[in-house]
$ cat model.txt   # compact mmCIF, C-alpha atoms and all ligand atoms
# COMPACT_ATOMS: atom_id res chain seq x y z
CA MET A 1 99.17 150.82 100.59
CA GLU A 2 101.38 153.86 101.10
CA LEU A 3 101.48 154.81 104.77
CA ALA A 4 104.34 157.33 104.56
CA THR A 5 103.78 161.03 103.87
CA LYS A 6 105.97 163.66 102.23
CA SER A 7 106.84 165.23 105.59
CA LYS A 8 110.51 165.14 106.49
CA ILE A 9 111.23 163.24 109.72
CA SER A 10 112.34 165.82 112.30
CA TRP A 11 113.00 163.56 115.28
CA CYS A 12 116.66 163.50 116.37
CA PRO A 13 118.56 161.00 114.19
CA GLY A 14 118.29 157.59 115.86
CA CYS A 15 115.32 158.52 118.07
CA PRO A 16 113.26 155.42 118.93
CA ASN A 17 110.09 157.35 118.08
CA ALA A 18 110.99 156.31 114.53
CA THR A 19 110.98 152.60 115.39
CA ILE A 20 107.54 153.04 116.96
CA LEU A 21 106.42 154.58 113.67
CA VAL A 22 107.84 151.62 111.73
CA ALA A 23 106.15 149.12 114.07
CA TYR A 24 102.81 150.92 113.73
CA ARG A 25 102.98 151.01 109.95
CA LYS A 26 103.73 147.28 109.95
CA ALA A 27 100.83 146.61 112.33
CA ILE A 28 98.44 148.56 110.11
CA THR A 29 99.66 146.80 106.96
CA GLU A 30 99.24 143.35 108.52
CA LEU A 31 95.84 144.07 110.07
CA CYS A 32 94.56 145.32 106.71
CA ALA A 33 95.99 142.28 104.90
CA GLU A 34 94.34 139.99 107.46
CA GLY A 35 90.98 141.69 106.87
CA LYS A 36 90.82 142.96 110.48
CA LEU A 37 91.10 146.66 109.62
CA LYS A 38 89.98 148.97 106.85
CA ILE A 39 92.42 151.80 106.38
CA GLU A 40 89.60 154.30 105.82
CA ASN A 41 88.27 153.42 109.28
CA LEU A 42 91.53 154.08 111.11
CA VAL A 43 92.14 157.31 113.02
CA SER A 44 95.62 157.95 114.42
CA ALA A 45 95.51 160.71 117.03
CA ALA A 46 98.36 162.24 119.04
CA GLY A 47 98.94 164.77 121.77
CA ILE A 48 101.74 167.28 122.22
CA GLY A 49 105.36 166.27 122.66
CA CYS A 50 107.99 164.57 120.52
CA HIS A 51 105.62 161.61 120.11
CA GLY A 52 103.02 163.94 118.58
CA LYS A 53 104.97 164.30 115.35
CA ILE A 54 103.98 160.73 114.48
CA THR A 55 100.76 161.92 112.87
CA ASP A 56 102.81 163.99 110.37
CA TYR A 57 104.32 160.80 109.04
CA LEU A 58 101.18 158.69 108.71
CA ASN A 59 99.00 158.59 105.65
CA THR A 60 95.90 157.66 107.67
CA ASN A 61 93.10 159.79 109.07
CA THR A 62 94.85 161.78 111.78
CA PHE A 63 93.97 164.14 114.61
CA GLU A 64 96.34 166.37 116.58
CA ALA A 65 94.95 167.16 120.01
CA LEU A 66 95.73 169.90 122.50
CA HIS A 67 98.31 169.11 125.17
CA GLY A 68 97.02 166.34 127.42
CA ARG A 69 93.74 166.04 125.55
CA VAL A 70 94.37 163.21 123.12
CA VAL A 71 92.52 160.58 125.15
CA SER A 72 89.40 162.72 125.52
CA SER A 73 89.59 163.62 121.81
CA ALA A 74 89.92 159.94 120.90
CA THR A 75 86.94 159.17 123.13
CA GLY A 76 84.86 161.73 121.25
CA ILE A 77 85.92 160.30 117.88
CA LYS A 78 84.99 156.77 118.95
CA VAL A 79 81.65 157.75 120.43
CA GLY A 80 80.87 159.83 117.32
CA ASN A 81 81.47 156.88 115.01
CA ARG A 82 81.76 153.44 116.59
CA ASP A 83 82.95 151.89 113.31
CA LEU A 84 86.25 153.71 113.63
CA GLU A 85 89.43 152.12 114.99
CA VAL A 86 90.93 154.88 117.11
CA VAL A 87 94.55 154.90 118.25
CA ALA A 88 95.76 157.62 120.61
CA PHE A 89 99.51 158.22 120.85
CA THR A 90 100.63 160.09 123.93
CA GLY A 91 103.70 160.78 126.03
CA ASP A 92 104.43 160.66 129.75
CA GLY A 93 104.36 164.45 129.85
CA ASP A 94 101.19 164.55 127.77
CA SER A 95 99.05 162.07 129.69
CA PHE A 96 100.67 161.49 133.08
CA SER A 97 101.41 165.12 133.84
CA GLU A 98 99.12 167.25 131.67
CA GLY A 99 95.96 165.22 130.91
CA PHE A 100 96.07 162.58 133.61
CA SER A 101 92.40 162.59 134.60
CA HIS A 102 91.24 162.06 131.00
CA LEU A 103 93.33 158.91 130.82
CA LEU A 104 91.99 157.54 134.10
CA HIS A 105 88.34 158.10 133.24
CA ALA A 106 88.68 156.59 129.75
CA ALA A 107 90.20 153.46 131.31
CA GLU A 108 87.51 153.26 133.99
CA ARG A 109 84.77 153.62 131.34
CA ASN A 110 86.40 151.02 129.06
CA VAL A 111 86.25 153.29 126.02
CA GLY A 112 87.05 151.22 122.91
CA ILE A 113 90.30 152.93 121.94
CA SER A 114 93.99 152.00 122.03
CA VAL A 115 96.38 154.28 123.90
CA PHE A 116 100.07 153.96 123.06
CA LEU A 117 102.25 155.73 125.65
CA HIS A 118 105.72 156.74 124.42
CA ASN A 119 107.41 156.64 127.80
CA ASN A 120 110.75 158.42 127.58
CA GLU A 121 110.55 159.48 131.27
CA THR A 122 111.05 163.16 130.45
CA PHE A 123 109.49 166.20 128.78
CA ALA A 124 111.75 165.71 125.74
CA LEU A 125 110.29 168.34 123.41
CA THR A 126 111.02 171.08 125.94
CA THR A 127 114.61 169.87 126.57
CA GLY A 128 114.36 167.26 129.26
CA GLN A 129 112.39 168.39 132.31
CA ALA A 130 111.17 165.81 134.84
CA THR A 131 107.75 164.21 134.42
CA PHE A 132 105.85 162.12 136.96
CA LEU A 133 107.41 159.04 135.34
CA SER A 134 111.02 160.24 135.66
CA PRO A 135 113.08 158.14 138.08
CA LYS A 136 114.04 159.45 141.50
CA GLY A 137 117.26 161.42 141.21
CA PHE A 138 116.56 162.44 137.58
CA LYS A 139 118.54 165.60 136.72
CA GLY A 140 117.18 168.07 134.19
CA PRO A 141 116.52 171.80 133.79
CA SER A 142 113.66 171.70 136.32
CA THR A 143 115.41 169.37 138.77
CA PRO A 144 119.12 170.30 138.68
CA GLY A 145 119.65 168.77 142.11
CA GLY A 146 117.85 165.55 141.17
CA ASP A 147 114.13 164.70 141.28
CA THR A 148 113.14 163.88 144.85
CA ASP A 149 109.95 161.99 143.90
CA GLU A 150 109.52 158.30 143.21
CA PRO A 151 108.05 157.78 139.72
CA MET A 152 104.45 156.71 139.22
CA ASN A 153 103.94 153.15 137.99
CA PRO A 154 101.82 153.67 134.84
CA LEU A 155 100.76 150.05 134.39
CA LEU A 156 99.76 149.66 138.04
CA ILE A 157 97.61 152.78 137.79
CA LEU A 158 95.90 151.60 134.61
CA LEU A 159 95.24 148.16 136.11
CA ALA A 160 93.76 149.78 139.21
CA MET A 161 91.52 151.98 137.04
CA GLY A 162 90.04 148.95 135.27
CA ALA A 163 91.74 149.02 131.86
CA THR A 164 90.82 145.79 130.09
CA PHE A 165 94.09 145.40 128.15
CA VAL A 166 97.40 146.39 129.73
CA ALA A 167 100.77 145.74 128.10
CA ARG A 168 104.33 146.98 127.83
CA THR A 169 106.84 146.80 125.03
CA TYR A 170 110.24 148.25 124.06
CA ALA A 171 110.49 150.64 121.12
CA LEU A 172 113.71 149.18 119.77
CA ASP A 173 112.07 145.74 119.51
CA ILE A 174 110.11 146.54 116.36
CA GLU A 175 108.60 143.09 115.84
CA GLY A 176 107.55 142.79 119.46
CA THR A 177 106.06 146.27 119.44
CA LYS A 178 104.16 145.51 116.23
CA ARG A 179 102.71 142.32 117.77
CA ILE A 180 101.54 144.14 120.90
CA MET A 181 100.07 146.98 118.83
CA LYS A 182 98.09 144.51 116.73
CA ASP A 183 96.77 142.73 119.83
CA ALA A 184 95.80 146.08 121.38
CA MET A 185 94.00 147.23 118.23
CA ASN A 186 92.18 143.88 117.99
CA HIS A 187 91.04 144.21 121.61
CA LYS A 188 87.44 145.30 122.15
CA GLY A 189 87.67 147.90 124.92
CA PHE A 190 90.30 150.18 126.42
CA ALA A 191 93.80 149.01 125.54
CA PHE A 192 96.82 150.64 127.15
CA VAL A 193 100.36 149.96 125.98
CA GLU A 194 103.42 151.48 127.61
CA ILE A 195 106.17 151.68 125.01
CA ILE A 196 109.56 152.23 126.63
CA GLN A 197 111.10 154.86 124.35
CA PRO A 198 114.55 156.12 125.34
CA CYS A 199 115.12 159.79 124.53
CA ILE A 200 118.63 159.54 123.15
CA THR A 201 119.22 163.30 123.47
CA PHE A 202 117.99 164.11 126.98
CA PHE A 203 117.71 160.77 128.79
CA ASP A 204 119.42 157.94 127.00
CA THR A 205 118.41 154.68 128.69
CA ARG A 206 119.27 152.36 125.77
CA GLU A 207 122.20 150.77 127.57
CA HIS A 208 120.00 149.87 130.56
CA PHE A 209 117.07 148.47 128.59
CA LYS A 210 119.22 146.63 126.05
CA ASP A 211 119.82 143.83 128.56
CA SER A 212 116.99 144.25 131.03
CA VAL A 213 113.92 143.78 128.80
CA GLU A 214 112.41 140.31 129.25
CA TRP A 215 109.22 138.94 127.65
CA LEU A 216 106.59 137.44 129.94
CA PRO A 217 106.28 133.64 129.74
CA VAL A 218 103.64 132.44 127.25
CA ASP A 219 101.62 130.91 130.07
CA PHE A 220 101.42 134.16 132.10
CA PRO A 221 97.83 134.26 133.50
CA ARG A 222 96.48 137.26 131.58
CA GLN A 223 93.06 137.22 133.21
CA ASP A 224 94.41 137.33 136.76
CA LEU A 225 94.37 140.93 138.00
CA THR A 226 96.37 140.13 141.14
CA ALA A 227 99.07 138.38 139.13
CA ALA A 228 99.24 141.36 136.77
CA MET A 229 99.49 143.86 139.62
CA ASN A 230 102.18 141.83 141.36
CA LYS A 231 104.16 141.54 138.15
CA VAL A 232 104.15 145.24 137.30
CA ARG A 233 105.14 146.07 140.90
CA GLU A 234 108.07 143.69 140.89
CA VAL A 235 111.40 145.37 141.54
CA SER A 236 114.20 143.52 139.79
CA GLU A 237 116.99 144.04 137.31
CA LYS A 238 114.67 142.79 134.57
CA THR A 239 111.93 144.85 132.90
CA PRO A 240 109.04 142.56 131.97
CA VAL A 241 107.31 143.24 128.65
CA GLY A 242 104.26 141.62 127.08
CA ILE A 243 100.54 141.51 127.84
CA PHE A 244 99.95 141.59 131.59
CA TYR A 245 96.18 141.66 131.57
CA GLN A 246 93.29 141.21 129.14
CA ILE A 247 89.62 140.69 129.87
CA GLN A 248 86.33 141.43 128.09
CA LYS A 249 83.74 143.84 129.47
CA PRO A 250 81.03 145.96 127.82
CA THR A 251 82.54 149.11 126.36
CA PHE A 252 81.54 152.70 127.06
CA GLU A 253 80.13 153.15 123.57
CA GLU A 254 78.11 149.93 123.84
CA ARG A 255 76.59 151.02 127.15
CA MET A 256 75.66 154.49 125.92
FE1 LIG B 301 113.54 161.72 120.31
FE2 LIG B 301 114.42 162.85 122.55
FE3 LIG B 301 115.03 163.91 120.19
FE4 LIG B 301 112.55 164.03 121.14
S1 LIG B 301 114.37 165.03 122.03
S2 LIG B 301 113.14 163.53 119.05
S3 LIG B 301 112.34 162.05 122.19
S4 LIG B 301 115.68 161.88 120.96

$ encode --input "model.txt" --output "structure tokens"
Amino acid sequence: MELATKSKISWCPGCPNATILVAYRKAITELCAEGKLKIENLVSAAGIGCHGKITDYLNTNTFEALHGRVVSSATGIKVGNRDLEVVAFTGDGDSFSEGFSHLLHAAERNVGISVFLHNNETFALTTGQATFLSPKGFKGPSTPGGDTDEPMNPLLILLAMGATFVARTYALDIEGTKRIMKDAMNHKGFAFVEIIQPCITFFDTREHFKDSVEWLPVDFPRQDLTAAMNKVREVSEKTPVGIFYQIQKPTFEERM
């Protein structure tokens, strides 16, 4: 199965968007080999931002949405044909600044799609402005004196909205990211995965995350909402990754 296209990769050399692409191709290949996915049934959608180029490099069905509208577009695709496996790639600018309400309502409705958030904590495509996920003090063209706001906590918000699968991974851990992607795509219902993706040109956080990323213990209680919320709110030198929460509930398309 050839998942690459003839398009030339135009991300900055070394950008971790490329490792997300590699992890996703591996996840697709393994899911197809395991009989859990038919390639003709897969739709890879993306919004606007550096992450959005991923659809250029994927030989699957693809859809490029307007800025901030990838989650609502993915919802429409899923509702239009429930046999499809729909994956929506988005960025922190795309879904936590531009199309925030679409994301919240899709989570609350438990739409059967997977949302993969490339969180580079900046509007990278437009040269590094602050998003709502940028850390306090972040300096960029729109905040030369430093961002005065605390960042939103994306996982806490998605847990509060009722997402039935909530996870985090690190883009430079390709195997770990592939595993989480497969689990998300196998999940029946709304799956949200924050992928920490340093922007090596405008906000290079590789040095910080290299040592701080720490996988959740295997016995972490995934069905305990309070435990999940406490974990994602924890302030420590470590950044926990893994599946924080997973439950089953009827999906939006089943209830329609
Ligand atoms: Fe990657 Fe940042 Fe370059 Fe965009 S600007 S391609 S996120 S390194």

$ axis_aligned_box --input "model.txt" --around "ligand LIG 301 (chain B)" --padding-each-side "5 Å" --output "lines of an AutoDock Vina configuration file"
center_x = 114.0
center_y = 163.4
center_z = 120.8
size_x = 13.3
size_y = 13.3
size_z = 13.5

$ residues_near_ligand --input "model.txt" --ligand "ligand LIG 301 (chain B)" --cutoff "8 Å" --atoms "all atoms listed in the file" --output "mmCIF file with C-alpha atoms, in the frame of the given file"
data_model
loop_
_atom_site.group_PDB
_atom_site.id
_atom_site.type_symbol
_atom_site.label_atom_id
_atom_site.label_comp_id
_atom_site.auth_asym_id
_atom_site.auth_seq_id
_atom_site.Cartn_x
_atom_site.Cartn_y
_atom_site.Cartn_z
ATOM 1 C CA SER A 10 112.340 165.820 112.300
ATOM 2 C CA TRP A 11 113.000 163.560 115.280
ATOM 3 C CA CYS A 12 116.660 163.500 116.370
ATOM 4 C CA PRO A 13 118.560 161.000 114.190
ATOM 5 C CA GLY A 14 118.290 157.590 115.860
ATOM 6 C CA CYS A 15 115.320 158.520 118.070
ATOM 7 C CA PRO A 16 113.260 155.420 118.930
ATOM 8 C CA ASN A 17 110.090 157.350 118.080
ATOM 9 C CA GLY A 49 105.360 166.270 122.660
ATOM 10 C CA CYS A 50 107.990 164.570 120.520
ATOM 11 C CA HIS A 51 105.620 161.610 120.110
ATOM 12 C CA ASN A 120 110.750 158.420 127.580
ATOM 13 C CA ALA A 124 111.750 165.710 125.740
ATOM 14 C CA LEU A 125 110.290 168.340 123.410
ATOM 15 C CA THR A 126 111.020 171.080 125.940
ATOM 16 C CA THR A 127 114.610 169.870 126.570
ATOM 17 C CA GLY A 128 114.360 167.260 129.260
ATOM 18 C CA GLN A 197 111.100 154.860 124.350
ATOM 19 C CA PRO A 198 114.550 156.120 125.340
ATOM 20 C CA CYS A 199 115.120 159.790 124.530
ATOM 21 C CA ILE A 200 118.630 159.540 123.150
ATOM 22 C CA THR A 201 119.220 163.300 123.470
ATOM 23 C CA PHE A 202 117.990 164.110 126.980
ATOM 24 C CA PHE A 203 117.710 160.770 128.790
#

$ residues_around --input "model.txt" --residues "range 74-77 of chain A" --least-positions-apart "3" --cutoff "8 Å" --atoms "all atoms listed in the file" --output "number ranges by chain"
A: 45, 70-71, 80-81, 84, 86-88, 106, 111-113

$ atom_distance --input "model.txt" --atom1 "CA of His102 in chain A" --atom2 "CA of Ser72 in chain A"
5.8 Å

$ residues_around --input "model.txt" --residues "Gln248 in chain A" --least-positions-apart "3" --cutoff "8 Å" --atoms "all atoms listed in the file" --output "number ranges by chain"
A: 164, 188-189

$ write_last_selection --input "model.txt" --atoms "C-alpha atoms" --output "short mmCIF file (atom, residue, chain, number, x, y, z; two decimals), keeping the file's coordinate frame"
data_model
loop_
_atom_site.label_atom_id
_atom_site.label_comp_id
_atom_site.auth_asym_id
_atom_site.auth_seq_id
_atom_site.Cartn_x
_atom_site.Cartn_y
_atom_site.Cartn_z
CA THR A 164 90.82 145.79 130.09
CA LYS A 188 87.44 145.30 122.15
CA GLY A 189 87.67 147.90 124.92
#

$ residues_around --input "model.txt" --residues "Ser97 in chain A" --least-positions-apart "2" --cutoff "9 Å" --atoms "only C-alpha atoms" --output "mmCIF file with C-alpha atoms, keeping the file's coordinate frame"
data_model
loop_
_atom_site.group_PDB
_atom_site.id
_atom_site.type_symbol
_atom_site.label_atom_id
_atom_site.label_comp_id
_atom_site.auth_asym_id
_atom_site.auth_seq_id
_atom_site.Cartn_x
_atom_site.Cartn_y
_atom_site.Cartn_z
ATOM 1 C CA GLY A 68 97.020 166.340 127.420
ATOM 2 C CA ASP A 92 104.430 160.660 129.750
ATOM 3 C CA GLY A 93 104.360 164.450 129.850
ATOM 4 C CA ASP A 94 101.190 164.550 127.770
ATOM 5 C CA SER A 95 99.050 162.070 129.690
ATOM 6 C CA GLY A 99 95.960 165.220 130.910
ATOM 7 C CA PHE A 100 96.070 162.580 133.610
ATOM 8 C CA THR A 131 107.750 164.210 134.420
ATOM 9 C CA PHE A 132 105.850 162.120 136.960
ATOM 10 C CA LEU A 133 107.410 159.040 135.340
#

$ atom_distance --input "model.txt" --atom1 "CA of Val193 in chain A" --atom2 "CA of Met1 in chain A"
25.4 Å

$ closest_residue --input "model.txt" --among "A:Ala46, A:Ala130, A:Ile174, A:Leu155" --to "Leu21 in chain A" --atoms "only C-alpha atoms"
A:Ile174

$ closest_residue --input "model.txt" --among "A:Lys210, A:Arg233, A:Lys182, A:Arg109" --to "Pro154 in chain A" --atoms "only C-alpha atoms"
A:Arg233

$ closest_residue --input "model.txt" --among "A:Asp173, A:Glu98, A:Glu237, A:Glu85" --to "Ile39 in chain A" --atoms "only C-alpha atoms"
A:Glu85
